[in-house]
file target-v2.txt (compact mmCIF, C-alpha atoms and all ligand atoms)
# COMPACT_ATOMS: atom_id res chain seq x y z
CA MET A 1 27.21 5.84 170.81
CA THR A 2 30.01 3.85 172.46
CA THR A 3 33.02 5.92 173.49
CA THR A 4 36.42 4.67 174.59
CA ASP A 5 35.46 5.70 178.14
CA ASP A 6 32.51 3.25 178.04
CA LEU A 7 35.03 0.51 177.27
CA ALA A 8 37.10 1.24 180.41
CA PRO A 9 37.05 -1.57 182.99
CA ALA A 10 34.74 -1.00 185.99
CA ASP A 11 37.42 -1.79 188.55
CA GLY A 12 38.58 1.71 189.36
CA THR A 13 41.07 2.06 186.53
CA ALA A 14 38.58 4.23 184.61
CA ALA A 15 40.21 7.43 185.85
CA ARG A 16 43.52 6.35 184.37
CA SER A 17 41.88 5.69 181.00
CA LYS A 18 40.87 9.38 180.83
CA THR A 19 44.52 10.36 180.47
CA ARG A 20 45.35 10.56 176.79
CA PRO A 21 48.78 10.47 175.20
CA SER A 22 49.62 13.89 173.79
CA PRO A 23 51.87 14.45 170.79
CA ARG A 24 54.78 16.89 170.92
CA HIS A 25 53.37 20.36 171.60
CA TYR A 26 53.93 21.63 168.03
CA VAL A 27 52.33 18.64 166.26
CA PRO A 28 48.65 19.73 166.47
CA ASP A 29 49.56 23.01 164.72
CA LEU A 30 51.36 21.46 161.74
CA PRO A 31 49.86 22.47 158.37
CA ILE A 32 47.87 19.75 156.63
CA TYR A 33 48.99 18.44 153.21
CA SER A 34 46.13 19.33 150.87
CA SER A 35 44.30 16.99 148.54
CA ALA A 36 42.80 17.27 145.07
CA THR A 37 39.64 19.30 144.53
CA LEU A 38 37.01 16.77 143.46
CA GLY A 39 33.55 17.26 142.02
CA GLU A 40 30.55 15.03 141.60
CA VAL A 41 31.59 13.83 138.15
CA PRO A 42 34.20 11.08 137.66
CA ILE A 43 37.78 12.26 137.25
CA VAL A 44 38.96 12.21 133.64
CA PHE A 45 42.17 14.19 134.19
CA ARG A 46 44.23 13.43 137.32
CA ALA A 47 46.01 16.76 137.33
CA SER A 48 46.54 17.37 141.03
CA SER A 49 49.77 15.65 142.09
CA ASN A 50 52.26 16.34 139.30
CA GLU A 51 52.46 12.63 138.56
CA SER A 52 53.40 11.20 135.20
CA PRO A 53 50.24 10.13 133.36
CA PHE A 54 52.34 7.50 131.55
CA GLU A 55 52.65 3.95 132.90
CA PRO A 56 56.06 2.45 133.66
CA SER A 57 57.63 0.53 130.78
CA ASP A 58 57.16 -3.22 130.25
CA ALA A 59 60.79 -3.75 131.26
CA VAL A 60 60.13 -2.06 134.61
CA LYS A 61 56.98 -4.11 135.16
CA ALA A 62 58.90 -7.34 134.42
CA ALA A 63 61.74 -6.40 136.80
CA VAL A 64 59.22 -5.63 139.54
CA ALA A 65 57.45 -8.97 139.05
CA GLU A 66 60.76 -10.78 139.40
CA ALA A 67 61.74 -8.84 142.52
CA THR A 68 58.31 -9.41 144.05
CA ALA A 69 58.88 -13.17 143.87
CA GLY A 70 61.79 -12.80 146.29
CA SER A 71 59.89 -10.61 148.77
CA ASN A 72 60.45 -13.04 151.65
CA ARG A 73 63.94 -11.49 151.89
CA TYR A 74 64.84 -8.00 153.07
CA PRO A 75 66.05 -5.66 150.34
CA ALA A 76 69.64 -4.43 150.12
CA LEU A 77 70.95 -2.53 153.16
CA HIS A 78 70.63 1.23 152.50
CA GLY A 79 69.29 0.32 149.04
CA ALA A 80 72.86 -0.61 148.03
CA SER A 81 72.08 -1.92 144.53
CA LEU A 82 70.19 1.27 143.65
CA VAL A 83 72.91 3.41 145.22
CA ASP A 84 75.50 1.64 143.05
CA ALA A 85 73.42 2.06 139.90
CA LEU A 86 72.94 5.76 140.64
CA ALA A 87 76.63 6.22 141.44
CA GLU A 88 77.51 4.78 138.04
CA ALA A 89 74.87 6.82 136.21
CA LEU A 90 75.91 10.08 137.88
CA ALA A 91 79.66 9.32 138.04
CA VAL A 92 79.87 9.95 141.79
CA ARG A 93 81.02 7.79 144.71
CA PRO A 94 78.34 5.55 146.31
CA GLU A 95 79.17 7.26 149.63
CA ALA A 96 77.74 10.45 148.15
CA ILE A 97 74.23 9.00 147.67
CA ALA A 98 71.40 8.13 150.05
CA VAL A 99 68.14 6.64 148.79
CA GLY A 100 64.77 6.56 150.50
CA ASP A 101 61.07 5.93 150.06
CA GLY A 102 60.51 9.10 148.07
CA SER A 103 62.58 12.27 148.05
CA LEU A 104 60.28 13.77 150.68
CA SER A 105 61.24 10.98 153.06
CA VAL A 106 64.92 11.61 152.30
CA LEU A 107 64.36 15.31 153.07
CA ASN A 108 62.57 14.43 156.31
CA HIS A 109 65.58 12.42 157.46
CA LEU A 110 68.02 15.13 156.41
CA LEU A 111 66.00 17.57 158.54
CA LEU A 112 65.99 15.10 161.41
CA ALA A 113 69.77 14.91 161.24
CA PHE A 114 70.54 18.63 160.71
CA ALA A 115 67.68 20.91 161.83
CA GLY A 116 67.87 21.73 165.53
CA THR A 117 64.75 22.12 167.67
CA GLY A 118 63.66 25.76 167.50
CA LYS A 119 66.25 26.54 164.81
CA LYS A 120 65.29 28.03 161.43
CA VAL A 121 64.88 26.43 158.03
CA VAL A 122 64.58 29.06 155.28
CA HIS A 123 62.70 28.38 152.04
CA ALA A 124 60.87 30.26 149.30
CA TRP A 125 57.12 30.75 149.56
CA ARG A 126 55.00 29.73 147.87
CA SER A 127 56.95 26.57 147.24
CA TYR A 128 56.37 22.86 147.81
CA GLU A 129 53.65 22.66 150.44
CA ALA A 130 55.32 19.77 152.28
CA TYR A 131 58.31 21.91 153.37
CA PRO A 132 56.62 23.69 156.32
CA ILE A 133 55.13 20.36 157.46
CA SER A 134 58.46 18.53 157.31
CA ILE A 135 60.29 21.41 159.01
CA GLY A 136 57.68 21.72 161.75
CA ALA A 137 57.63 17.95 162.27
CA VAL A 138 61.21 18.02 163.58
CA GLY A 139 60.46 20.98 165.84
CA ALA A 140 62.27 23.52 163.67
CA LEU A 141 60.93 26.89 162.53
CA SER A 142 59.80 27.32 158.92
CA VAL A 143 60.82 30.73 157.51
CA GLY A 144 59.05 31.35 154.19
CA VAL A 145 60.53 34.10 152.01
CA PRO A 146 57.98 35.52 149.53
CA ASN A 147 58.65 34.92 145.84
CA LEU A 148 59.32 37.86 143.52
CA GLN A 149 56.44 39.46 141.64
CA ASN A 150 57.26 37.20 138.68
CA HIS A 151 56.86 34.11 140.96
CA GLN A 152 60.59 33.27 140.95
CA HIS A 153 62.61 32.60 144.11
CA ASP A 154 63.95 35.85 145.59
CA LEU A 155 67.47 34.50 146.09
CA ASP A 156 68.80 37.79 147.51
CA ALA A 157 66.06 37.88 150.14
CA LEU A 158 66.59 34.17 150.85
CA ALA A 159 70.30 34.80 151.46
CA ALA A 160 69.46 37.79 153.67
CA ALA A 161 67.07 35.64 155.73
CA VAL A 162 69.88 33.27 156.73
CA ASP A 163 71.09 34.14 160.23
CA ASP A 164 72.93 32.51 163.15
CA GLU A 165 69.76 30.58 164.01
CA THR A 166 69.47 29.04 160.54
CA ASP A 167 70.45 25.39 160.04
CA LEU A 168 69.12 24.75 156.53
CA VAL A 169 67.83 26.41 153.37
CA ILE A 170 65.61 24.64 150.83
CA LEU A 171 65.57 25.87 147.22
CA CYS A 172 63.25 24.35 144.63
CA ASN A 173 64.26 24.45 140.95
CA PRO A 174 61.91 24.36 139.04
CA ASN A 175 59.72 25.62 141.84
CA ASN A 176 56.54 23.80 142.76
CA PRO A 177 53.90 25.20 142.20
CA THR A 178 55.02 28.22 140.14
CA GLY A 179 57.13 26.28 137.60
CA THR A 180 59.78 29.02 137.62
CA VAL A 181 63.55 28.45 137.50
CA PHE A 182 66.74 30.25 138.44
CA SER A 183 70.12 30.06 136.73
CA GLU A 184 73.33 28.42 137.87
CA ARG A 185 74.89 31.89 138.18
CA LYS A 186 72.18 32.98 140.65
CA LEU A 187 72.62 29.75 142.60
CA VAL A 188 76.39 30.21 142.85
CA GLU A 189 75.92 33.82 143.98
CA PHE A 190 73.56 32.52 146.63
CA LEU A 191 75.87 29.72 147.79
CA ASP A 192 78.74 32.21 148.09
CA GLN A 193 76.70 34.27 150.57
CA VAL A 194 75.59 31.39 152.80
CA PRO A 195 77.92 30.20 155.59
CA GLY A 196 79.36 26.71 155.04
CA ARG A 197 77.74 25.38 158.25
CA VAL A 198 74.25 25.90 156.72
CA VAL A 199 72.93 22.96 154.65
CA VAL A 200 71.53 24.14 151.30
CA VAL A 201 69.07 21.70 149.74
CA LEU A 202 68.45 22.05 146.01
CA ASP A 203 65.21 20.18 145.33
CA GLU A 204 65.37 19.12 141.68
CA ALA A 205 62.22 16.98 141.51
CA TYR A 206 61.32 18.44 138.10
CA ARG A 207 64.80 19.10 136.65
CA GLU A 208 64.33 16.92 133.54
CA PHE A 209 61.46 19.09 132.27
CA VAL A 210 63.56 22.27 131.90
CA ASP A 211 64.47 23.12 128.30
CA GLU A 212 68.14 22.32 127.85
CA ALA A 213 68.84 25.63 126.14
CA LEU A 214 67.69 27.66 129.15
CA PRO A 215 69.92 28.96 131.98
CA GLY A 216 67.56 27.16 134.40
CA SER A 217 68.85 23.86 132.99
CA PHE A 218 72.29 23.13 134.40
CA ASP A 219 74.26 20.23 135.80
CA SER A 220 74.32 20.81 139.53
CA LEU A 221 76.57 17.82 140.34
CA PRO A 222 79.93 19.60 139.79
CA LEU A 223 78.87 22.21 142.37
CA LEU A 224 79.11 19.56 145.10
CA ASP A 225 82.93 19.70 144.93
CA ARG A 226 82.93 23.44 145.58
CA TYR A 227 80.13 23.51 148.16
CA PRO A 228 80.23 20.60 150.65
CA ASN A 229 77.11 22.05 152.31
CA LEU A 230 75.04 21.56 149.12
CA VAL A 231 72.53 18.70 148.93
CA LEU A 232 70.82 17.68 145.68
CA LEU A 233 67.40 16.14 146.15
CA ARG A 234 65.94 14.07 143.30
CA THR A 235 63.06 11.69 142.71
CA PHE A 236 61.83 8.80 140.59
CA SER A 237 58.23 10.03 141.03
CA LYS A 238 58.04 12.47 138.14
CA VAL A 239 59.77 11.91 134.78
CA PHE A 240 60.65 8.32 135.77
CA SER A 241 56.90 7.58 136.21
CA LEU A 242 57.39 5.63 139.45
CA ALA A 243 55.45 7.75 141.99
CA GLY A 244 53.60 4.70 143.32
CA PHE A 245 56.85 2.94 144.19
CA ARG A 246 58.11 5.80 146.40
CA VAL A 247 61.78 6.19 145.50
CA GLY A 248 63.95 9.28 145.84
CA TYR A 249 67.56 10.10 146.64
CA MET A 250 70.01 12.77 147.57
CA VAL A 251 73.54 13.45 146.44
CA ALA A 252 75.82 15.23 148.90
CA HIS A 253 79.12 15.20 150.75
CA PRO A 254 79.72 11.72 152.30
CA ASP A 255 79.59 13.22 155.83
CA VAL A 256 76.09 14.61 155.14
CA ILE A 257 75.05 11.25 153.69
CA ALA A 258 76.42 9.31 156.68
CA ALA A 259 74.63 11.57 159.18
CA THR A 260 71.34 11.27 157.29
CA ARG A 261 71.64 7.50 156.93
CA SER A 262 72.16 7.17 160.67
CA VAL A 263 68.60 8.42 161.29
CA MET A 264 67.06 6.39 158.43
CA SER A 265 65.69 2.89 158.42
CA PRO A 266 68.38 0.38 157.37
CA PHE A 267 66.06 -0.83 154.56
CA PRO A 268 64.58 2.40 153.23
CA VAL A 269 63.42 1.16 149.81
CA SER A 270 61.52 -2.07 149.03
CA ALA A 271 63.01 -4.68 146.68
CA PRO A 272 60.36 -4.16 143.94
CA ALA A 273 60.91 -0.40 144.12
CA ILE A 274 64.68 -0.86 143.84
CA ALA A 275 64.16 -3.11 140.79
CA ALA A 276 61.84 -0.52 139.20
CA ALA A 277 64.24 2.36 139.80
CA VAL A 278 67.36 0.51 138.64
CA THR A 279 65.64 -0.64 135.44
CA SER A 280 64.23 2.79 134.69
CA LEU A 281 67.65 4.42 135.02
CA SER A 282 68.76 3.02 131.68
CA GLU A 283 65.57 3.96 129.79
CA ASP A 284 66.75 7.25 128.31
CA ASP A 285 64.51 7.02 125.21
CA TYR A 286 61.43 6.37 127.32
CA ARG A 287 62.16 9.43 129.46
CA ARG A 288 62.89 11.61 126.45
CA GLU A 289 59.48 10.70 125.02
CA ILE A 290 57.75 11.59 128.30
CA VAL A 291 59.53 14.95 128.40
CA ARG A 292 58.49 15.58 124.79
CA ARG A 293 54.83 14.86 125.53
CA VAL A 294 54.87 16.95 128.70
CA LYS A 295 56.30 19.90 126.79
CA VAL A 296 53.60 19.63 124.10
CA SER A 297 50.92 19.42 126.78
CA ARG A 298 52.20 22.33 128.85
CA GLU A 299 52.25 24.62 125.80
CA GLU A 300 48.60 23.69 125.10
CA VAL A 301 47.61 24.20 128.72
CA MET A 302 49.41 27.55 129.08
CA ALA A 303 47.84 28.76 125.82
CA ALA A 304 44.36 27.66 126.94
CA ILE A 305 44.68 29.48 130.25
CA ARG A 306 46.23 32.61 128.77
CA ALA A 307 43.44 32.75 126.19
CA ARG A 308 41.05 33.19 129.12
CA GLY A 309 43.04 36.23 130.27
CA ILE A 310 44.84 34.58 133.20
CA LEU A 311 48.50 35.62 133.46
CA VAL A 312 50.41 32.39 134.06
CA PRO A 313 54.16 32.31 134.65
CA THR A 314 55.92 30.28 131.96
CA THR A 315 56.37 26.82 133.40
CA HIS A 316 59.51 24.71 133.17
CA ALA A 317 57.96 21.69 134.86
CA ASN A 318 55.04 19.26 134.36
CA PHE A 319 52.47 21.61 135.88
CA VAL A 320 51.10 25.10 135.34
CA TRP A 321 50.37 27.67 138.05
CA MET A 322 47.27 29.86 137.79
CA PRO A 323 47.75 32.72 140.26
CA VAL A 324 44.06 33.62 140.38
CA GLY A 325 43.99 34.76 144.04
CA ASP A 326 40.45 34.96 145.42
CA ARG A 327 39.09 33.06 142.42
CA ALA A 328 41.13 29.94 143.29
CA GLU A 329 38.30 27.93 144.80
CA ALA A 330 35.84 28.84 142.04
CA VAL A 331 38.39 27.87 139.38
CA ALA A 332 39.19 24.58 141.14
CA ASP A 333 35.48 23.79 141.48
CA ALA A 334 34.88 24.53 137.78
CA CYS A 335 37.76 22.21 136.88
CA ALA A 336 36.39 19.49 139.17
CA ALA A 337 32.95 19.85 137.56
CA ALA A 338 34.65 19.27 134.20
CA GLY A 339 36.36 16.09 135.46
CA ILE A 340 39.76 17.75 136.03
CA ALA A 341 41.17 17.16 139.52
CA VAL A 342 43.52 20.06 140.34
CA ARG A 343 45.31 21.35 143.44
CA CYS A 344 43.81 24.48 144.98
CA PHE A 345 45.63 26.87 147.30
CA PRO A 346 42.75 29.07 148.49
CA GLY A 347 43.33 32.80 148.10
CA GLU A 348 46.46 32.18 146.01
CA GLY A 349 45.98 29.99 142.98
CA VAL A 350 45.42 26.64 141.34
CA ARG A 351 48.03 24.20 140.08
CA VAL A 352 47.26 21.88 137.21
CA SER A 353 49.55 18.99 136.28
CA VAL A 354 50.02 18.45 132.55
CA GLY A 355 50.69 15.50 130.25
CA GLN A 356 47.32 13.92 129.56
CA PRO A 357 46.19 14.56 125.96
CA GLY A 358 43.09 16.76 125.68
CA LEU A 359 43.74 18.62 128.94
CA GLY A 360 44.16 22.03 127.24
CA SER A 361 40.72 22.04 125.62
CA ALA A 362 39.03 20.55 128.70
CA LEU A 363 40.58 23.28 130.83
CA SER A 364 39.52 25.95 128.38
CA ARG A 365 35.89 24.76 128.67
CA ALA A 366 36.12 24.63 132.48
CA LEU A 367 37.47 28.18 132.70
CA THR A 368 34.71 29.47 130.41
CA THR A 369 32.15 27.91 132.75
CA GLU A 370 33.82 29.55 135.75
CA GLU A 371 33.61 32.96 134.07
CA ASN A 372 30.00 32.46 132.99
CA PRO A 373 28.28 30.37 135.66
CA ARG A 374 24.81 29.16 134.69
C1 LIG B 1 59.33 19.89 144.76
C2 LIG B 1 59.02 18.52 145.23
N1 LIG B 1 59.90 17.89 145.97
C3 LIG B 1 59.68 16.65 146.43
C4 LIG B 1 58.51 16.00 146.13
C5 LIG B 1 58.29 14.64 146.69
O1 LIG B 1 58.53 13.66 145.78
P1 LIG B 1 58.62 12.13 146.19
O2 LIG B 1 57.47 11.48 145.52
O3 LIG B 1 59.95 11.69 145.70
O4 LIG B 1 58.53 12.05 147.69
C6 LIG B 1 57.54 16.62 145.34
C7 LIG B 1 56.29 15.92 145.03
O5 LIG B 1 55.35 16.44 144.51
C8 LIG B 1 57.79 17.92 144.90
O6 LIG B 1 56.90 18.60 144.18

call {"tool": "encode", "arguments": {"input": "target-v2.txt", "output": "structure tokens"}}
result
Amino acid sequence: MTTTDDLAPADGTAARSKTRPSPRHYVPDLPIYSSATLGEVPIVFRASSNESPFEPSDAVKAAVAEATAGSNRYPALHGASLVDALAEALAVRPEAIAVGDGSLSVLNHLLLAFAGTGKKVVHAWRSYEAYPISIGAVGALSVGVPNLQNHQHDLDALAAAVDDETDLVILCNPNNPTGTVFSERKLVEFLDQVPGRVVVVLDEAYREFVDEALPGSFDSLPLLDRYPNLVLLRTFSKVFSLAGFRVGYMVAHPDVIAATRSVMSPFPVSAPAIAAAVTSLSEDDYRREIVRRVKVSREEVMAAIRARGILVPTTHANFVWMPVGDRAEAVADACAAAGIAVRCFPGEGVRVSVGQPGLGSALSRALTTEENPR
């Protein structure tokens, strides 16, 4: 086998070639973002990444094709045309919005701008698995606060975990992967306890899937006037069905936006992605239909799982959490064997994304197989 050492020149510089670049000392210990559990059979249900199973509309596809034709040019600086469209849709100033290549990328840059090396970032746990990676990647300390027994954020404990060393808090509503929500009243109580110098991120990736009649469904935008340390994080990857384009944004005080933009690329979103996002913003009927189908599917999936005796928290998102503990890997393997790709968190549970017709009955069969292996 040829190694890189064999390729070193024979003129005495070989010793130098043995010295390897080393990443920052904390990088090798960062958690790894997990992937879908796959089996030997082809995937029928892609239920591992909380994507929309529905294709973008024809209007979006046409807008993308047109934008692609002009791809010899850079897109708008700071995604200006998308920022303007969002500002109009949300009735906020353009200075209050920053867009990026996915909401995770926007969060990464917010952390880069506000989380000090060795300082703390507090978040619920279990929550979105990328948080500890993103926090660790900027050299900050991830402080995970266990969820309540009912899988909801423990907002009192989260507030109590904020200390002088804390730069940011990340809340996720609905929470990934548990699907649970908290009310506006609980959020306000929380914000009132947190010092104004601490950035509070409210990750609303799944906000559109919450039933409007529930306290977990509220308009968070007006809170920005009262709490200049609040940051709303949103995405086009879920209900907007544009995960492959990578577009997300945040809404916050203009000073927070300016600081975050200063550590971002000047062209954070591609022209086709901007065209897709801008077009999709006006497709209210299309989104309503997706939400309707997701709600039908999640009821079927929850019922199928509960019928097998697994206690699932009621979900308010486009995924269902099975807190099966030690059975997680066996359940994920049984799903994979049935052509359902799910996300497994060993020792804790399995998350299954909903939306595809027929998922409930397929899952029911898979769980029966897991209980009664041949
Ligand atoms: C809670 C949460 N936030 C953010 C993201 C990232 O979304 P995006 O595709 O916009 O980067 C996800 C993706 O699964 C998520 O679950």

call {"tool": "residues_around", "arguments": {"input": "target-v2.txt", "residues": "A:Gly116", "least_positions_apart": "4", "cutoff": "12 Å", "atoms": "only C-alpha atoms", "output": "PDB file with C-alpha atoms, in the frame of the given file"}}
result
ATOM      1  CA  LEU A 110      68.020  15.130 156.410  1.00  0.00           C
ATOM      2  CA  LEU A 111      66.000  17.570 158.540  1.00  0.00           C
ATOM      3  CA  LEU A 112      65.990  15.100 161.410  1.00  0.00           C
ATOM      4  CA  LYS A 120      65.290  28.030 161.430  1.00  0.00           C
ATOM      5  CA  VAL A 121      64.880  26.430 158.030  1.00  0.00           C
ATOM      6  CA  ILE A 135      60.290  21.410 159.010  1.00  0.00           C
ATOM      7  CA  GLY A 136      57.680  21.720 161.750  1.00  0.00           C
ATOM      8  CA  ALA A 137      57.630  17.950 162.270  1.00  0.00           C
ATOM      9  CA  VAL A 138      61.210  18.020 163.580  1.00  0.00           C
ATOM     10  CA  GLY A 139      60.460  20.980 165.840  1.00  0.00           C
ATOM     11  CA  ALA A 140      62.270  23.520 163.670  1.00  0.00           C
ATOM     12  CA  LEU A 141      60.930  26.890 162.530  1.00  0.00           C
ATOM     13  CA  SER A 142      59.800  27.320 158.920  1.00  0.00           C
ATOM     14  CA  GLU A 165      69.760  30.580 164.010  1.00  0.00           C
ATOM     15  CA  THR A 166      69.470  29.040 160.540  1.00  0.00           C
ATOM     16  CA  ASP A 167      70.450  25.390 160.040  1.00  0.00           C
ATOM     17  CA  LEU A 168      69.120  24.750 156.530  1.00  0.00           C
ATOM     18  CA  VAL A 198      74.250  25.900 156.720  1.00  0.00           C
TER      19      VAL A 198
END

call {"tool": "closest_atom_pairs", "arguments": {"input": "target-v2.txt", "of": "chain A", "to": "ligand LIG 1 (chain B)", "cutoff": "6 Å", "atoms": "only C-alpha atoms and all ligand atoms", "output": "Markdown table"}}
result
| residue | atom | partner | partner_atom | distance |
| --- | --- | --- | --- | --- |
| A:Gly102 | CA | B:LIG1 | O3 | 3.6 |
| A:Ser103 | CA | B:LIG1 | O3 | 3.6 |
| A:Leu104 | CA | B:LIG1 | O4 | 3.9 |
| A:Tyr128 | CA | B:LIG1 | C1 | 5.2 |
| A:Cys172 | CA | B:LIG1 | C1 | 5.9 |
| A:Asn176 | CA | B:LIG1 | C1 | 5.2 |
| A:Asp203 | CA | B:LIG1 | N1 | 5.8 |
| A:Ala205 | CA | B:LIG1 | N1 | 5.1 |
| A:Thr235 | CA | B:LIG1 | O3 | 4.3 |
| A:Ser237 | CA | B:LIG1 | O2 | 4.8 |
| A:Ala243 | CA | B:LIG1 | O2 | 5.5 |
| A:Arg246 | CA | B:LIG1 | O2 | 5.8 |
| A:Val247 | CA | B:LIG1 | O3 | 5.8 |
| A:Gly248 | CA | B:LIG1 | O3 | 4.7 |

call {"tool": "atom_distance", "arguments": {"input": "target-v2.txt", "atom1": "atom CA of A:Ser361", "atom2": "atom CA of A:Pro177"}}
result
21.4 Å

call {"tool": "residues_around", "arguments": {"input": "target-v2.txt", "residues": "stretch 271-284 of chain A", "least_positions_apart": "4", "cutoff": "6 Å", "atoms": "all atoms listed in the file", "output": "short mmCIF file (atom, residue, chain, number, x, y, z; two decimals) with C-alpha atoms, in the coordinates of the input"}}
result
data_model
loop_
_atom_site.label_atom_id
_atom_site.label_comp_id
_atom_site.auth_asym_id
_atom_site.auth_seq_id
_atom_site.Cartn_x
_atom_site.Cartn_y
_atom_site.Cartn_z
CA VAL A 60 60.13 -2.06 134.61
CA ALA A 63 61.74 -6.40 136.80
CA VAL A 64 59.22 -5.63 139.54
CA ALA A 67 61.74 -8.84 142.52
CA THR A 68 58.31 -9.41 144.05
CA PRO A 75 66.05 -5.66 150.34
CA LEU A 82 70.19 1.27 143.65
CA PHE A 245 56.85 2.94 144.19
#

call {"tool": "residues_around", "arguments": {"input": "target-v2.txt", "residues": "A:Glu184", "least_positions_apart": "3", "cutoff": "10 Å", "atoms": "only C-alpha atoms", "output": "PyMOL selection string"}}
result
chain A and resi 181+187-190+215-220+223

call {"tool": "atom_distance", "arguments": {"input": "target-v2.txt", "atom1": "atom CA of A:Gln152", "atom2": "atom CA of A:Leu221"}}
result
22.2 Å

call {"tool": "closest_residue", "arguments": {"input": "target-v2.txt", "among": "A:Ala115, A:Ala91, A:Leu171, A:Ile32", "to": "A:Glu204", "atoms": "only C-alpha atoms"}}
result
A:Leu171

call {"tool": "decode", "arguments": {"input": "target-v2.txt", "residues": "stretch 54-68 of chain A", "atoms": "N, CA, C and O atoms", "output": "PDB file, in the first residue's frame"}}
result
ATOM      1  N   PHE A  54     -42.835  16.134  -0.328  1.00  0.00           N
ATOM      2  CA  PHE A  54     -43.521  16.719  -1.484  1.00  0.00           C
ATOM      3  C   PHE A  54     -42.564  17.611  -2.274  1.00  0.00           C
ATOM      4  O   PHE A  54     -41.862  18.442  -1.710  1.00  0.00           O
ATOM      5  N   GLU A  55     -42.567  17.427  -3.602  1.00  0.00           N
ATOM      6  CA  GLU A  55     -41.671  18.208  -4.468  1.00  0.00           C
ATOM      7  C   GLU A  55     -42.057  19.683  -4.459  1.00  0.00           C
ATOM      8  O   GLU A  55     -43.224  20.026  -4.231  1.00  0.00           O
ATOM      9  N   PRO A  56     -41.076  20.560  -4.770  1.00  0.00           N
ATOM     10  CA  PRO A  56     -41.437  21.974  -4.920  1.00  0.00           C
ATOM     11  C   PRO A  56     -42.460  22.144  -6.050  1.00  0.00           C
ATOM     12  O   PRO A  56     -42.555  21.288  -6.940  1.00  0.00           O
ATOM     13  N   SER A  57     -43.168  23.251  -6.013  1.00  0.00           N
ATOM     14  CA  SER A  57     -44.210  23.499  -7.021  1.00  0.00           C
ATOM     15  C   SER A  57     -43.597  23.746  -8.401  1.00  0.00           C
ATOM     16  O   SER A  57     -42.398  24.036  -8.519  1.00  0.00           O
ATOM     17  N   ASP A  58     -44.426  23.694  -9.432  1.00  0.00           N
ATOM     18  CA  ASP A  58     -43.961  23.990 -10.796  1.00  0.00           C
ATOM     19  C   ASP A  58     -43.458  25.430 -10.894  1.00  0.00           C
ATOM     20  O   ASP A  58     -42.495  25.712 -11.607  1.00  0.00           O
ATOM     21  N   ALA A  59     -44.124  26.334 -10.175  1.00  0.00           N
ATOM     22  CA  ALA A  59     -43.696  27.743 -10.224  1.00  0.00           C
ATOM     23  C   ALA A  59     -42.284  27.893  -9.658  1.00  0.00           C
ATOM     24  O   ALA A  59     -41.457  28.642 -10.204  1.00  0.00           O
ATOM     25  N   VAL A  60     -41.987  27.173  -8.596  1.00  0.00           N
ATOM     26  CA  VAL A  60     -40.640  27.221  -8.020  1.00  0.00           C
ATOM     27  C   VAL A  60     -39.629  26.649  -9.011  1.00  0.00           C
ATOM     28  O   VAL A  60     -38.572  27.233  -9.263  1.00  0.00           O
ATOM     29  N   LYS A  61     -39.987  25.517  -9.609  1.00  0.00           N
ATOM     30  CA  LYS A  61     -39.049  24.892 -10.564  1.00  0.00           C
ATOM     31  C   LYS A  61     -38.765  25.834 -11.738  1.00  0.00           C
ATOM     32  O   LYS A  61     -37.625  25.939 -12.211  1.00  0.00           O
ATOM     33  N   ALA A  62     -39.804  26.546 -12.211  1.00  0.00           N
ATOM     34  CA  ALA A  62     -39.624  27.468 -13.342  1.00  0.00           C
ATOM     35  C   ALA A  62     -38.730  28.643 -12.933  1.00  0.00           C
ATOM     36  O   ALA A  62     -37.840  29.060 -13.685  1.00  0.00           O
ATOM     37  N   ALA A  63     -38.943  29.162 -11.719  1.00  0.00           N
ATOM     38  CA  ALA A  63     -38.136  30.301 -11.250  1.00  0.00           C
ATOM     39  C   ALA A  63     -36.669  29.889 -11.107  1.00  0.00           C
ATOM     40  O   ALA A  63     -35.757  30.660 -11.434  1.00  0.00           O
ATOM     41  N   VAL A  64     -36.451  28.669 -10.664  1.00  0.00           N
ATOM     42  CA  VAL A  64     -35.084  28.167 -10.487  1.00  0.00           C
ATOM     43  C   VAL A  64     -34.398  28.031 -11.848  1.00  0.00           C
ATOM     44  O   VAL A  64     -33.238  28.423 -12.023  1.00  0.00           O
ATOM     45  N   ALA A  65     -35.151  27.500 -12.829  1.00  0.00           N
ATOM     46  CA  ALA A  65     -34.574  27.322 -14.174  1.00  0.00           C
ATOM     47  C   ALA A  65     -34.150  28.680 -14.740  1.00  0.00           C
ATOM     48  O   ALA A  65     -33.065  28.823 -15.315  1.00  0.00           O
ATOM     49  N   GLU A  66     -34.979  29.674 -14.523  1.00  0.00           N
ATOM     50  CA  GLU A  66     -34.656  31.015 -15.032  1.00  0.00           C
ATOM     51  C   GLU A  66     -33.417  31.581 -14.327  1.00  0.00           C
ATOM     52  O   GLU A  66     -32.512  32.125 -14.960  1.00  0.00           O
ATOM     53  N   ALA A  67     -33.363  31.409 -13.021  1.00  0.00           N
ATOM     54  CA  ALA A  67     -32.215  31.938 -12.259  1.00  0.00           C
ATOM     55  C   ALA A  67     -30.934  31.197 -12.631  1.00  0.00           C
ATOM     56  O   ALA A  67     -29.848  31.788 -12.677  1.00  0.00           O
ATOM     57  N   THR A  68     -31.064  29.904 -12.918  1.00  0.00           N
ATOM     58  CA  THR A  68     -29.887  29.106 -13.252  1.00  0.00           C
ATOM     59  C   THR A  68     -29.229  29.635 -14.534  1.00  0.00           C
ATOM     60  O   THR A  68     -28.004  29.634 -14.660  1.00  0.00           O
TER      61      THR A  68
END
